[in-house]
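Novice: Following this line is target-v6.cif, made up of mmCIF, C-alpha atoms and all ligand atoms:
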data_query
#
loop_
_atom_site.label_atom_id
_atom_site.label_comp_id
_atom_site.auth_asym_id
_atom_site.auth_seq_id
_atom_site.Cartn_x
_atom_site.Cartn_y
_atom_site.Cartn_z
CA MET A 1 -2.63 12.19 6.04
CA SER A 2 -0.22 12.73 8.91
CA ARG A 3 3.51 13.06 8.39
CA PRO A 4 5.44 9.85 8.78
CA PHE A 5 8.33 9.75 11.22
CA SER A 6 11.36 11.55 9.81
CA PRO A 7 14.45 10.26 11.63
CA SER A 8 17.00 12.26 9.68
CA ALA A 9 15.32 15.48 10.75
CA ARG A 10 15.18 14.37 14.38
CA LEU A 11 18.53 12.70 14.96
CA ARG A 12 20.38 14.69 17.57
CA GLU A 13 23.26 14.20 19.96
CA PRO A 14 22.05 13.84 23.55
CA ALA A 15 21.55 17.38 24.89
CA ASN A 16 22.54 16.32 28.41
CA GLY A 17 25.92 14.73 27.60
CA LEU A 18 24.70 11.19 28.44
CA ALA A 19 24.85 8.37 25.90
CA TYR A 20 22.20 6.53 23.88
CA SER A 21 22.37 2.81 23.20
CA SER A 22 23.80 1.64 19.86
CA LEU A 23 20.23 0.84 18.78
CA VAL A 24 19.59 4.45 17.79
CA GLU A 25 22.42 4.25 15.24
CA ARG A 26 21.42 0.80 13.99
CA VAL A 27 17.89 1.84 13.07
CA ALA A 28 18.78 5.20 11.49
CA ASP A 29 19.61 3.80 8.06
CA GLU A 30 18.91 4.62 4.42
CA GLY A 31 15.49 2.93 4.72
CA ALA A 32 14.44 5.32 7.48
CA ARG A 33 15.48 8.22 5.24
CA ALA A 34 13.27 6.93 2.39
CA TRP A 35 10.51 9.20 3.66
CA ASP A 36 12.49 12.45 3.52
CA VAL A 37 11.08 13.18 0.08
CA HIS A 38 7.55 12.73 1.45
CA VAL A 39 8.32 15.13 4.28
CA ARG A 40 9.63 17.63 1.73
CA GLY A 41 6.38 17.23 -0.20
CA ARG A 42 4.41 18.10 2.94
CA GLU A 43 6.52 21.24 3.40
CA LEU A 44 5.84 22.31 -0.17
CA GLU A 45 2.15 21.61 0.34
CA ALA A 46 2.13 23.77 3.47
CA GLU A 47 3.62 26.56 1.36
CA GLY A 48 0.55 26.32 -0.88
CA HIS A 49 1.80 24.03 -3.69
CA ASP A 50 -0.38 21.38 -5.28
CA VAL A 51 1.65 18.27 -4.40
CA ILE A 52 0.76 14.74 -5.57
CA PHE A 53 1.81 12.13 -3.01
CA LEU A 54 2.52 8.69 -4.47
CA GLY A 55 5.03 7.57 -1.88
CA VAL A 56 3.13 5.94 0.98
CA GLY A 57 1.43 2.54 0.62
CA ASP A 58 -1.79 3.35 2.43
CA PRO A 59 -4.93 2.20 0.55
CA ASP A 60 -7.19 5.17 -0.26
CA PHE A 61 -10.30 3.17 0.63
CA ASP A 62 -12.43 3.14 3.74
CA THR A 63 -12.40 0.18 6.09
CA PRO A 64 -15.56 -1.87 5.37
CA ALA A 65 -18.39 -0.35 7.44
CA GLU A 66 -19.31 -3.58 9.21
CA ILE A 67 -15.82 -3.82 10.69
CA THR A 68 -15.96 -0.24 11.95
CA ARG A 69 -19.41 -0.83 13.44
CA THR A 70 -18.12 -3.86 15.35
CA ALA A 71 -15.42 -1.71 16.97
CA ILE A 72 -17.91 1.01 17.92
CA ASP A 73 -20.32 -1.52 19.43
CA ALA A 74 -17.44 -3.12 21.33
CA LEU A 75 -16.48 0.25 22.78
CA HIS A 76 -20.05 0.81 23.92
CA ASN A 77 -20.07 -2.69 25.42
CA GLY A 78 -17.14 -2.06 27.70
CA ARG A 79 -14.51 -3.91 25.70
CA THR A 80 -11.92 -1.53 27.08
CA HIS A 81 -9.91 -3.63 29.52
CA TYR A 82 -6.56 -5.40 29.45
CA PRO A 83 -6.73 -7.96 26.66
CA GLY A 84 -3.90 -10.44 27.43
CA ALA A 85 -0.62 -10.54 25.53
CA ALA A 86 -1.32 -13.17 22.87
CA GLY A 87 -4.68 -11.89 21.62
CA ILE A 88 -8.26 -12.72 22.59
CA PRO A 89 -9.09 -16.41 22.04
CA GLU A 90 -11.95 -15.62 19.58
CA LEU A 91 -9.59 -13.70 17.31
CA ARG A 92 -6.78 -16.26 17.47
CA ALA A 93 -9.30 -18.94 16.50
CA ALA A 94 -10.83 -16.78 13.76
CA ILE A 95 -7.40 -16.03 12.27
CA ALA A 96 -6.50 -19.74 12.33
CA ARG A 97 -9.73 -20.55 10.42
CA TYR A 98 -9.19 -17.68 7.97
CA ARG A 99 -5.65 -18.84 7.28
CA THR A 100 -6.75 -22.44 6.68
CA GLU A 101 -9.66 -21.43 4.43
CA ARG A 102 -7.58 -19.02 2.37
CA THR A 103 -4.35 -21.01 1.99
CA GLY A 104 -5.08 -24.60 2.97
CA GLN A 105 -2.47 -24.46 5.74
CA PRO A 106 -3.71 -26.32 8.84
CA VAL A 107 -3.28 -23.91 11.78
CA GLU A 108 -4.27 -24.32 15.43
CA ALA A 109 -5.33 -21.20 17.33
CA ASP A 110 -2.50 -21.53 19.85
CA ARG A 111 0.03 -20.91 17.09
CA VAL A 112 -1.49 -17.49 16.35
CA ILE A 113 -0.30 -14.37 18.17
CA VAL A 114 -2.10 -11.08 17.55
CA CYS A 115 0.12 -8.03 17.11
CA PRO A 116 -0.38 -4.35 16.24
CA GLY A 117 0.46 -4.71 12.54
CA ALA A 118 2.92 -6.76 10.53
CA GLN A 119 5.72 -4.36 11.35
CA ASN A 120 5.50 -5.24 15.02
CA GLY A 121 5.18 -8.91 14.07
CA LEU A 122 8.46 -8.71 12.18
CA TYR A 123 10.21 -6.98 15.07
CA VAL A 124 9.06 -9.47 17.68
CA THR A 125 9.73 -12.49 15.47
CA LEU A 126 13.29 -11.42 14.75
CA ALA A 127 13.83 -10.67 18.44
CA CYS A 128 12.87 -14.30 19.16
CA LEU A 129 14.99 -15.86 16.41
CA VAL A 130 18.27 -14.00 16.03
CA GLU A 131 20.80 -11.88 17.91
CA ALA A 132 24.22 -10.23 17.71
CA GLY A 133 26.64 -12.30 15.65
CA ASP A 134 23.89 -13.75 13.45
CA GLU A 135 23.08 -12.88 9.85
CA VAL A 136 19.62 -12.62 8.34
CA ILE A 137 19.21 -12.77 4.59
CA VAL A 138 16.90 -10.05 3.27
CA LEU A 139 15.81 -9.41 -0.28
CA ASP A 140 17.47 -6.46 -2.01
CA PRO A 141 15.41 -4.39 -2.61
CA ALA A 142 13.18 -4.85 0.43
CA TYR A 143 10.52 -2.92 2.29
CA ALA A 144 12.33 0.07 3.73
CA THR A 145 12.12 -0.97 7.40
CA TYR A 146 13.56 -4.47 6.99
CA ARG A 147 17.24 -3.76 7.45
CA ALA A 148 16.70 -1.63 10.54
CA THR A 149 14.33 -4.23 11.98
CA VAL A 150 16.98 -6.93 11.58
CA ARG A 151 19.63 -4.66 13.07
CA SER A 152 17.37 -3.94 16.06
CA SER A 153 17.70 -7.59 17.01
CA GLY A 154 21.49 -7.24 16.95
CA ALA A 155 21.84 -9.42 13.84
CA GLU A 156 23.20 -8.17 10.51
CA PRO A 157 21.08 -8.05 7.35
CA VAL A 158 22.70 -9.56 4.25
CA GLY A 159 21.07 -8.62 0.95
CA VAL A 160 20.32 -11.08 -1.82
CA PRO A 161 19.78 -9.21 -5.09
CA LEU A 162 16.48 -9.36 -6.92
CA ARG A 163 17.65 -8.43 -10.38
CA ALA A 164 15.73 -6.07 -12.64
CA GLU A 165 16.68 -8.14 -15.71
CA ASN A 166 15.00 -11.11 -14.00
CA GLY A 167 11.76 -9.17 -13.37
CA PHE A 168 12.99 -8.79 -9.76
CA HIS A 169 12.38 -12.51 -9.21
CA LEU A 170 14.40 -14.45 -6.67
CA ASP A 171 17.29 -16.37 -8.20
CA PRO A 172 18.03 -19.34 -5.90
CA ALA A 173 21.72 -19.23 -6.95
CA ASP A 174 21.98 -15.70 -5.51
CA LEU A 175 20.27 -16.87 -2.35
CA ALA A 176 22.62 -19.84 -1.95
CA ALA A 177 25.62 -17.52 -2.45
CA ALA A 178 24.45 -15.25 0.40
CA VAL A 179 24.42 -18.02 3.03
CA THR A 180 27.36 -18.11 5.47
CA ALA A 181 28.10 -20.03 8.64
CA ARG A 182 26.42 -17.18 10.57
CA THR A 183 23.14 -17.17 8.64
CA ARG A 184 20.19 -18.02 10.88
CA ALA A 185 17.13 -16.84 8.96
CA VAL A 186 15.79 -15.69 5.61
CA LEU A 187 13.23 -12.90 5.52
CA ILE A 188 11.05 -12.78 2.42
CA ASN A 189 7.96 -10.91 1.29
CA PHE A 190 5.85 -11.96 -1.71
CA PRO A 191 3.99 -10.31 -3.39
CA HIS A 192 6.97 -8.07 -2.99
CA ASN A 193 7.29 -4.49 -1.85
CA PRO A 194 8.61 -2.50 -3.69
CA THR A 195 8.81 -4.47 -6.98
CA GLY A 196 5.47 -6.32 -7.14
CA ALA A 197 7.23 -9.60 -7.97
CA MET A 198 5.72 -12.90 -6.85
CA VAL A 199 7.60 -16.13 -6.15
CA GLU A 200 7.19 -19.16 -8.43
CA ALA A 201 6.86 -22.81 -7.39
CA ASP A 202 10.38 -23.74 -8.55
CA GLU A 203 11.88 -20.75 -6.72
CA LEU A 204 10.06 -21.83 -3.56
CA SER A 205 11.33 -25.41 -3.86
CA ALA A 206 14.89 -24.14 -4.21
CA LEU A 207 14.35 -21.87 -1.21
CA ALA A 208 13.11 -24.84 0.82
CA GLU A 209 16.14 -26.89 -0.16
CA ILE A 210 18.53 -24.09 0.93
CA CYS A 211 16.72 -23.53 4.25
CA GLN A 212 16.82 -27.24 5.00
CA ARG A 213 20.45 -27.69 3.97
CA HIS A 214 21.61 -24.82 6.20
CA ASP A 215 19.06 -25.19 9.00
CA LEU A 216 17.52 -21.75 8.57
CA TRP A 217 14.32 -20.14 9.79
CA LEU A 218 12.11 -18.59 7.15
CA VAL A 219 10.12 -15.46 7.96
CA SER A 220 7.41 -14.89 5.35
CA ASP A 221 5.75 -11.47 5.29
CA GLU A 222 2.48 -11.97 3.41
CA VAL A 223 0.75 -8.60 3.83
CA TYR A 224 0.03 -8.33 0.09
CA ALA A 225 -1.27 -11.89 -0.30
CA GLU A 226 -4.76 -10.64 -1.18
CA VAL A 227 -3.54 -7.95 -3.59
CA THR A 228 -2.71 -9.91 -6.74
CA TYR A 229 -3.59 -9.36 -10.39
CA ASP A 230 -4.67 -11.23 -13.51
CA GLY A 231 -6.34 -14.01 -11.49
CA ARG A 232 -3.05 -15.10 -9.95
CA SER A 233 -2.57 -16.01 -6.32
CA GLN A 234 0.58 -16.38 -4.28
CA ARG A 235 1.18 -19.77 -2.70
CA SER A 236 2.43 -19.35 0.85
CA PRO A 237 5.96 -20.66 1.47
CA ALA A 238 4.59 -22.21 4.68
CA LEU A 239 2.87 -24.84 2.50
CA VAL A 240 6.02 -25.95 0.72
CA PRO A 241 7.40 -29.33 1.82
CA GLY A 242 10.41 -28.73 4.04
CA LEU A 243 9.30 -25.26 5.06
CA GLU A 244 6.17 -26.07 7.12
CA ASP A 245 7.97 -26.40 10.44
CA ARG A 246 10.50 -23.61 10.00
CA THR A 247 8.34 -20.81 8.58
CA VAL A 248 6.96 -17.94 10.63
CA VAL A 249 4.14 -16.20 8.75
CA ILE A 250 3.47 -12.50 9.30
CA ASP A 251 0.24 -10.96 8.02
CA SER A 252 -2.10 -8.07 8.79
CA LEU A 253 -5.36 -6.38 7.92
CA SER A 254 -3.62 -3.19 6.77
CA LYS A 255 -3.73 -3.85 3.04
CA SER A 256 -6.38 -6.56 2.59
CA ARG A 257 -9.09 -4.65 4.48
CA ALA A 258 -7.78 -1.08 4.15
CA MET A 259 -7.04 -1.01 7.87
CA THR A 260 -3.54 0.50 8.11
CA GLY A 261 -4.51 2.81 10.98
CA TRP A 262 -6.09 0.07 13.07
CA ARG A 263 -2.67 -1.51 13.58
CA THR A 264 -3.80 -5.11 13.57
CA GLY A 265 -1.90 -8.14 12.35
CA TRP A 266 -0.70 -11.55 13.47
CA ILE A 267 2.14 -14.00 13.62
CA ILE A 268 1.62 -17.68 12.83
CA ALA A 269 4.46 -19.49 14.54
CA PRO A 270 5.71 -23.05 14.15
CA GLY A 271 5.05 -25.40 17.07
CA GLY A 272 6.44 -24.20 20.41
CA MET A 273 7.46 -20.73 19.30
CA ALA A 274 4.19 -18.95 20.11
CA ALA A 275 4.87 -19.14 23.86
CA HIS A 276 8.15 -17.25 23.40
CA ILE A 277 6.50 -14.63 21.21
CA GLU A 278 3.83 -14.23 23.88
CA ASN A 279 6.52 -13.60 26.50
CA VAL A 280 8.12 -10.91 24.34
CA MET A 281 4.70 -9.38 23.69
CA GLN A 282 4.08 -9.36 27.41
CA CYS A 283 7.04 -7.11 28.10
CA MET A 284 6.86 -5.11 24.87
CA LEU A 285 3.17 -4.40 24.47
CA TYR A 286 0.82 -6.06 26.92
CA GLY A 287 -1.72 -6.77 24.21
CA CYS A 288 -3.72 -5.07 21.47
CA ALA A 289 -6.89 -3.07 22.25
CA MET A 290 -9.80 -5.46 22.79
CA PHE A 291 -12.39 -3.46 20.81
CA ILE A 292 -10.05 -3.50 17.82
CA GLN A 293 -9.56 -7.24 18.19
CA ASP A 294 -13.36 -7.64 18.18
CA ALA A 295 -13.45 -5.72 14.90
CA ALA A 296 -10.65 -7.91 13.57
CA VAL A 297 -12.79 -11.00 14.26
CA THR A 298 -15.37 -9.52 11.90
CA ALA A 299 -12.65 -8.63 9.38
CA VAL A 300 -11.34 -12.20 9.06
CA SER A 301 -14.66 -13.99 9.39
CA ARG A 302 -15.74 -13.59 5.78
CA GLU A 303 -14.72 -12.33 2.37
CA PHE A 304 -15.40 -8.65 1.82
CA GLN A 305 -16.68 -7.35 -1.47
CA GLU A 306 -14.61 -4.22 -0.71
CA THR A 307 -11.40 -6.29 -0.94
CA SER A 308 -12.20 -7.56 -4.43
CA ALA A 309 -13.36 -4.07 -5.50
CA MET A 310 -10.08 -2.62 -4.23
CA ARG A 311 -8.09 -5.28 -6.07
CA ALA A 312 -9.99 -4.56 -9.28
CA GLU A 313 -9.40 -0.84 -8.93
CA PHE A 314 -5.66 -1.32 -8.28
CA SER A 315 -5.54 -3.46 -11.39
CA VAL A 316 -7.11 -0.73 -13.55
CA ARG A 317 -4.77 1.85 -12.03
CA ARG A 318 -1.79 -0.39 -12.70
CA ASP A 319 -2.73 -0.73 -16.39
CA THR A 320 -3.49 3.00 -16.72
CA VAL A 321 -0.17 4.08 -15.22
CA ALA A 322 1.79 1.41 -17.13
CA ALA A 323 0.34 2.68 -20.42
CA ARG A 324 1.05 6.32 -19.53
CA ILE A 325 4.62 5.67 -18.37
CA GLY A 326 5.29 3.41 -21.35
CA ALA A 327 4.49 6.33 -23.64
CA ILE A 328 7.04 8.67 -22.00
CA PRO A 329 10.38 8.65 -23.84
CA ARG A 330 13.28 7.39 -21.68
CA LEU A 331 10.94 5.94 -19.04
CA ALA A 332 9.71 2.37 -18.84
CA CYS A 333 7.85 0.45 -16.20
CA LEU A 334 7.47 -2.94 -14.71
CA PRO A 335 3.78 -3.66 -14.01
CA PRO A 336 3.50 -5.54 -10.70
CA GLU A 337 2.26 -9.13 -10.43
CA GLY A 338 0.94 -8.24 -6.98
CA GLY A 339 1.05 -5.56 -4.30
CA MET A 340 0.24 -1.88 -4.55
CA PHE A 341 3.34 -0.46 -6.20
CA LEU A 342 4.73 0.00 -9.67
CA MET A 343 8.41 0.41 -10.47
CA ILE A 344 9.38 3.09 -12.98
CA ASP A 345 12.61 2.44 -14.83
CA ILE A 346 14.53 5.74 -15.08
CA ARG A 347 17.88 4.29 -16.12
CA GLU A 348 17.79 5.93 -19.55
CA THR A 349 17.48 9.39 -18.03
CA GLY A 350 21.01 9.21 -16.59
CA LEU A 351 19.82 10.39 -13.15
CA ASP A 352 20.20 8.28 -10.04
CA SER A 353 16.94 7.50 -8.23
CA LEU A 354 17.50 9.83 -5.27
CA THR A 355 18.37 12.81 -7.48
CA PHE A 356 15.37 12.08 -9.70
CA ALA A 357 12.99 11.83 -6.72
CA ASN A 358 14.36 14.99 -5.07
CA ARG A 359 14.22 17.03 -8.27
CA LEU A 360 10.77 15.71 -9.15
CA VAL A 361 9.27 16.91 -5.89
CA GLU A 362 10.94 20.34 -6.16
CA GLU A 363 10.24 20.92 -9.85
CA GLU A 364 6.95 19.10 -10.48
CA LYS A 365 5.58 18.54 -6.97
CA VAL A 366 5.21 14.77 -7.30
CA VAL A 367 6.39 12.49 -4.49
CA LEU A 368 7.81 9.13 -5.58
CA LEU A 369 10.26 7.06 -3.55
CA ALA A 370 13.80 6.40 -4.78
CA GLY A 371 14.55 2.76 -5.55
CA ALA A 372 17.89 3.13 -3.77
CA SER A 373 16.03 3.60 -0.47
CA PHE A 374 14.89 -0.02 -0.76
CA GLY A 375 18.30 -1.45 -1.68
CA ALA A 376 21.09 -1.14 -4.24
CA SER A 377 19.39 -3.53 -6.69
CA ALA A 378 16.53 -1.04 -7.15
CA GLU A 379 18.83 1.84 -8.11
CA GLY A 380 17.64 3.18 -11.45
CA PHE A 381 13.98 2.78 -10.41
CA LEU A 382 11.35 4.82 -8.59
CA ARG A 383 8.47 3.33 -6.63
CA LEU A 384 5.01 4.65 -7.39
CA SER A 385 2.16 3.78 -5.04
CA LEU A 386 -1.16 2.97 -6.73
CA THR A 387 -3.10 4.17 -3.68
CA SER A 388 -4.46 7.35 -5.28
CA PRO A 389 -7.45 7.88 -7.56
CA ARG A 390 -6.93 7.40 -11.30
CA ALA A 391 -7.23 11.09 -12.15
CA GLN A 392 -4.48 11.89 -9.66
CA LEU A 393 -2.24 9.17 -11.09
CA GLU A 394 -2.79 10.51 -14.61
CA ARG A 395 -1.88 14.04 -13.52
CA ALA A 396 1.29 12.67 -11.92
CA CYS A 397 2.19 10.94 -15.20
CA GLU A 398 1.73 14.23 -17.08
CA ARG A 399 4.11 15.95 -14.68
CA LEU A 400 6.58 13.07 -15.00
CA ALA A 401 6.49 13.41 -18.79
CA ARG A 402 7.12 17.16 -18.54
CA PHE A 403 10.01 16.65 -16.11
CA THR A 404 11.64 13.92 -18.19
CA ALA A 405 11.32 15.96 -21.40
CA ARG A 406 13.24 18.80 -19.74
CA LEU A 407 16.18 16.62 -18.69
C1 LIG B 1 6.14 -5.62 3.01
C2 LIG B 1 5.51 -4.93 4.15
N1 LIG B 1 5.54 -5.50 5.36
C3 LIG B 1 4.98 -4.92 6.43
C4 LIG B 1 4.37 -3.69 6.32
C5 LIG B 1 3.76 -3.08 7.55
O1 LIG B 1 2.43 -3.46 7.59
P1 LIG B 1 1.52 -3.20 8.87
O2 LIG B 1 0.70 -1.97 8.57
O3 LIG B 1 0.67 -4.40 8.99
O4 LIG B 1 2.41 -3.00 10.03
C6 LIG B 1 4.30 -3.05 5.09
C7 LIG B 1 3.68 -1.72 4.97
O5 LIG B 1 3.72 -1.06 3.96
C8 LIG B 1 4.91 -3.68 3.98
O6 LIG B 1 4.89 -3.12 2.77
#
Will you turn the file into structure tokens for me?
Ligand SMILES: Cc1ncc(COP(=O)(O)O)c(C=O)c1O

Specialist:
Amino acid sequence: MSRPFSPSARLREPANGLAYSSLVERVADEGARAWDVHVRGRELEAEGHDVIFLGVGDPDFDTPAEITRTAIDALHNGRTHYPGAAGIPELRAAIARYRTERTGQPVEADRVIVCPGAQNGLYVTLACLVEAGDEVIVLDPAYATYRATVRSSGAEPVGVPLRAENGFHLDPADLAAAVTARTRAVLINFPHNPTGAMVEADELSALAEICQRHDLWLVSDEVYAEVTYDGRSQRSPALVPGLEDRTVVIDSLSKSRAMTGWRTGWIIAPGGMAAHIENVMQCMLYGCAMFIQDAAVTAVSREFQETSAMRAEFSVRRDTVAARIGAIPRLACLPPEGGMFLMIDIRETGLDSLTFANRLVEEEKVVLLAGASFGASAEGFLRLSLTSPRAQLERACERLARFTARL
């Protein structure tokens, strides 16, 4: 696996005495530094150490072969030209059908914009909705890029705590308390990264009521919608009365089809907004590679047995790790309801999450991410990614037990 971007190692004053824009400061936050421990793991590995990496959320499964074959055929068939900014019509239509079949949400193809992954979808969406002087409510903790993505738009992120004692579920009272006269949008993600929490029907109704009362956009990042456990499924907020016309849905093939490196996702915009997103895409990107879009048509055109196999395997890994961690004195864990991560409760060890993560990689060569990197409400927790084989996860748990016993 290649090394993820490490901003803290690369931040430099301009060598030529000229100035950068304020953007470079706004995006260099604690979330960007979340990966420093991973980078340190790579250094230790290069020195010859046996490092176990459980930081990155990249499924350790191959993309289903039929999808790959479609891309190869498309390359051979000359699908190598400019694709248009919004996505090829076949893919926009296929995504609209997929969305309707999977969630019941009626979607017309002209509301779908193809983008290179959910991350880009979030960036472009926020650029269209908010600007300097605005506030965007984000969950705390949240996926490590969220705050910087909001700040890129010029707006300020305002955290609403997901409390550990509440299973990291959204408490509508906390959400209501975070709204100010400057709030323009709420950015949510369920199943949630990093905590694995889902959102219940009553929480969604309360969310709808708050968005309506304060005239807010809702941005719903649903990249883990197909990674749920125990037969549960996550209802999309876009289906909730009062939210249909104000919700922008962001999704991708990264997790559901093990396609992180293909960089393919989409935005489903409420009426009228897609044209603005297309204009931003035009100047930002000029479209996603056509042969990859062809493969994406295959990816959304039917269910893949590989997706259910992956979900089943994550479920077994979740139970295996939960049992192992549960047996380690002073550690506890919160098995996820969905998503690919498991939160380890380290509060009884007396170490803060960053110190624990940094010492763990140095002393036991295991990479976990500090909860604090995702937001203050996840302090006292570490995030473990379930995207490694069971034997590897069990070895990591043994090392964790040894480390904790020494504290
Ligand atoms: C919540 C969340 N949103 C978005 C992304 C980015 O996904 P993509 O690969 O589609 O850009 C991730 C990746 O881990 C994520 O966890």

Novice: Within 7 Å of stretch 318-324 of chain A, counting only C-alpha atoms, which residues show up once you throw out same-chain ones fewer than 6 positions away? Write them as a CSV table (one decimal) with C-alpha atoms, keeping the file's coordinate frame, please.

Specialist:
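New file result.csv:
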chain,number,residue,atom,x,y,z
A,333,CYS,CA,7.8,0.4,-16.2
A,335,PRO,CA,3.8,-3.7,-14.0
A,386,LEU,CA,-1.2,3.0,-6.7
A,393,LEU,CA,-2.2,9.2,-11.1
A,394,GLU,CA,-2.8,10.5,-14.6
A,397,CYS,CA,2.2,10.9,-15.2

Novice: Please check which protein, DNA or RNA residues sit within 9 Å of ligand LIG 1 (chain B), counting all atoms listed in the file, and write them as a PyMOL selection string.

Specialist: chain A and resi 56-58+115-122+142-146+188-194+221-224+250-255+259-266+339-340

Novice: Keeping only C-alpha atoms, write the selected residues as a PDB file, in the coordinates of the input.

Specialist:
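In the end it all went to result-v7.pdb:
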ATOM      1  CA  VAL A  56       3.130   5.940   0.980  1.00  0.00           C
ATOM      2  CA  GLY A  57       1.430   2.540   0.620  1.00  0.00           C
ATOM      3  CA  ASP A  58      -1.790   3.350   2.430  1.00  0.00           C
ATOM      4  CA  CYS A 115       0.120  -8.030  17.110  1.00  0.00           C
ATOM      5  CA  PRO A 116      -0.380  -4.350  16.240  1.00  0.00           C
ATOM      6  CA  GLY A 117       0.460  -4.710  12.540  1.00  0.00           C
ATOM      7  CA  ALA A 118       2.920  -6.760  10.530  1.00  0.00           C
ATOM      8  CA  GLN A 119       5.720  -4.360  11.350  1.00  0.00           C
ATOM      9  CA  ASN A 120       5.500  -5.240  15.020  1.00  0.00           C
ATOM     10  CA  GLY A 121       5.180  -8.910  14.070  1.00  0.00           C
ATOM     11  CA  LEU A 122       8.460  -8.710  12.180  1.00  0.00           C
ATOM     12  CA  ALA A 142      13.180  -4.850   0.430  1.00  0.00           C
ATOM     13  CA  TYR A 143      10.520  -2.920   2.290  1.00  0.00           C
ATOM     14  CA  ALA A 144      12.330   0.070   3.730  1.00  0.00           C
ATOM     15  CA  THR A 145      12.120  -0.970   7.400  1.00  0.00           C
ATOM     16  CA  TYR A 146      13.560  -4.470   6.990  1.00  0.00           C
ATOM     17  CA  ILE A 188      11.050 -12.780   2.420  1.00  0.00           C
ATOM     18  CA  ASN A 189       7.960 -10.910   1.290  1.00  0.00           C
ATOM     19  CA  PHE A 190       5.850 -11.960  -1.710  1.00  0.00           C
ATOM     20  CA  PRO A 191       3.990 -10.310  -3.390  1.00  0.00           C
ATOM     21  CA  HIS A 192       6.970  -8.070  -2.990  1.00  0.00           C
ATOM     22  CA  ASN A 193       7.290  -4.490  -1.850  1.00  0.00           C
ATOM     23  CA  PRO A 194       8.610  -2.500  -3.690  1.00  0.00           C
ATOM     24  CA  ASP A 221       5.750 -11.470   5.290  1.00  0.00           C
ATOM     25  CA  GLU A 222       2.480 -11.970   3.410  1.00  0.00           C
ATOM     26  CA  VAL A 223       0.750  -8.600   3.830  1.00  0.00           C
ATOM     27  CA  TYR A 224       0.030  -8.330   0.090  1.00  0.00           C
ATOM     28  CA  ILE A 250       3.470 -12.500   9.300  1.00  0.00           C
ATOM     29  CA  ASP A 251       0.240 -10.960   8.020  1.00  0.00           C
ATOM     30  CA  SER A 252      -2.100  -8.070   8.790  1.00  0.00           C
ATOM     31  CA  LEU A 253      -5.360  -6.380   7.920  1.00  0.00           C
ATOM     32  CA  SER A 254      -3.620  -3.190   6.770  1.00  0.00           C
ATOM     33  CA  LYS A 255      -3.730  -3.850   3.040  1.00  0.00           C
ATOM     34  CA  MET A 259      -7.040  -1.010   7.870  1.00  0.00           C
ATOM     35  CA  THR A 260      -3.540   0.500   8.110  1.00  0.00           C
ATOM     36  CA  GLY A 261      -4.510   2.810  10.980  1.00  0.00           C
ATOM     37  CA  TRP A 262      -6.090   0.070  13.070  1.00  0.00           C
ATOM     38  CA  ARG A 263      -2.670  -1.510  13.580  1.00  0.00           C
ATOM     39  CA  THR A 264      -3.800  -5.110  13.570  1.00  0.00           C
ATOM     40  CA  GLY A 265      -1.900  -8.140  12.350  1.00  0.00           C
ATOM     41  CA  TRP A 266      -0.700 -11.550  13.470  1.00  0.00           C
ATOM     42  CA  GLY A 339       1.050  -5.560  -4.300  1.00  0.00           C
ATOM     43  CA  MET A 340       0.240  -1.880  -4.550  1.00  0.00           C
TER      44      MET A 340
END

Novice: So that I can see what lies close to A:Ser236, please list as a CSV table (one decimal) with C-alpha atoms, in the frame of the given file the residues with an atom at most 9 Å from it, counting only C-alpha atoms and leaving out residues fewer than 2 positions away in the same chain.

Specialist:
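Output below, filename around.csv:
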chain,number,residue,atom,x,y,z
A,103,THR,CA,-4.4,-21.0,2.0
A,105,GLN,CA,-2.5,-24.5,5.7
A,190,PHE,CA,5.8,-12.0,-1.7
A,220,SER,CA,7.4,-14.9,5.4
A,222,GLU,CA,2.5,-12.0,3.4
A,225,ALA,CA,-1.3,-11.9,-0.3
A,234,GLN,CA,0.6,-16.4,-4.3
A,238,ALA,CA,4.6,-22.2,4.7
A,239,LEU,CA,2.9,-24.8,2.5
A,240,VAL,CA,6.0,-26.0,0.7
A,249,VAL,CA,4.1,-16.2,8.8

Novice: List as a PyMOL selection string the protein and nucleic acid residues near A:Thr63, meaning an atom at most 9 Å away when only C-alpha atoms are counted, but skip any in the same chain fewer than 6 places from it.

Specialist: chain A and resi 257-259+306

Novice: Calculated over all atoms listed in the file, which of the candidates A:Val199, A:Val51, A:Ala155, A:Leu369 has the smallest distance to A:Glu337?

Specialist: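 Comparing A:Val199, A:Val51, A:Ala155, A:Leu369 against A:Glu337, the winner is A:Val199.
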
Novice: So that I can see what lies close to A:Pro89, please list as an NGL selection string the residues with an atom at most 10 Å from it, counting only C-alpha atoms and leaving out residues fewer than 5 positions away in the same chain.

Specialist: :A and (83-84 or 94-95 or 109-110 or 112-114 or 293)

Novice: Rank nothing, just name the residue among A:Thr307, A:Ala289, A:Ile346, A:Ile268 nearest to A:Gly326, using only C-alpha atoms.

Specialist: A:Ile346

Novice: Taking 6 positions as the minimum chain separation for residues in the same chain, which residues sit within 7 Å of stretch 275-285 of chain A when counting all atoms listed in the file? Answer as a PyMOL selection string.

Specialist: chain A and resi 85-86+124-125+128

Novice: What separation in Å, quoted to one decimal, exists between atom CA of A:Val297 and atom CA of A:Asn77?

Specialist: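 About the pair atom CA of A:Val297 and atom CA of A:Asn77: they are 15.7 Å apart.
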
Novice: Would you compute, for all listed atoms of stretch 202-210 of chain A, the axis-aligned bounding box grown by 3 Å on each side, and then report its centre and edge lengths in Å rounded to one decimal, as AutoDock Vina command-line options?

Specialist:
--center_x 14.3 --center_y -23.8 --center_z -3.8 --size_x 14.5 --size_y 12.1 --size_z 15.5
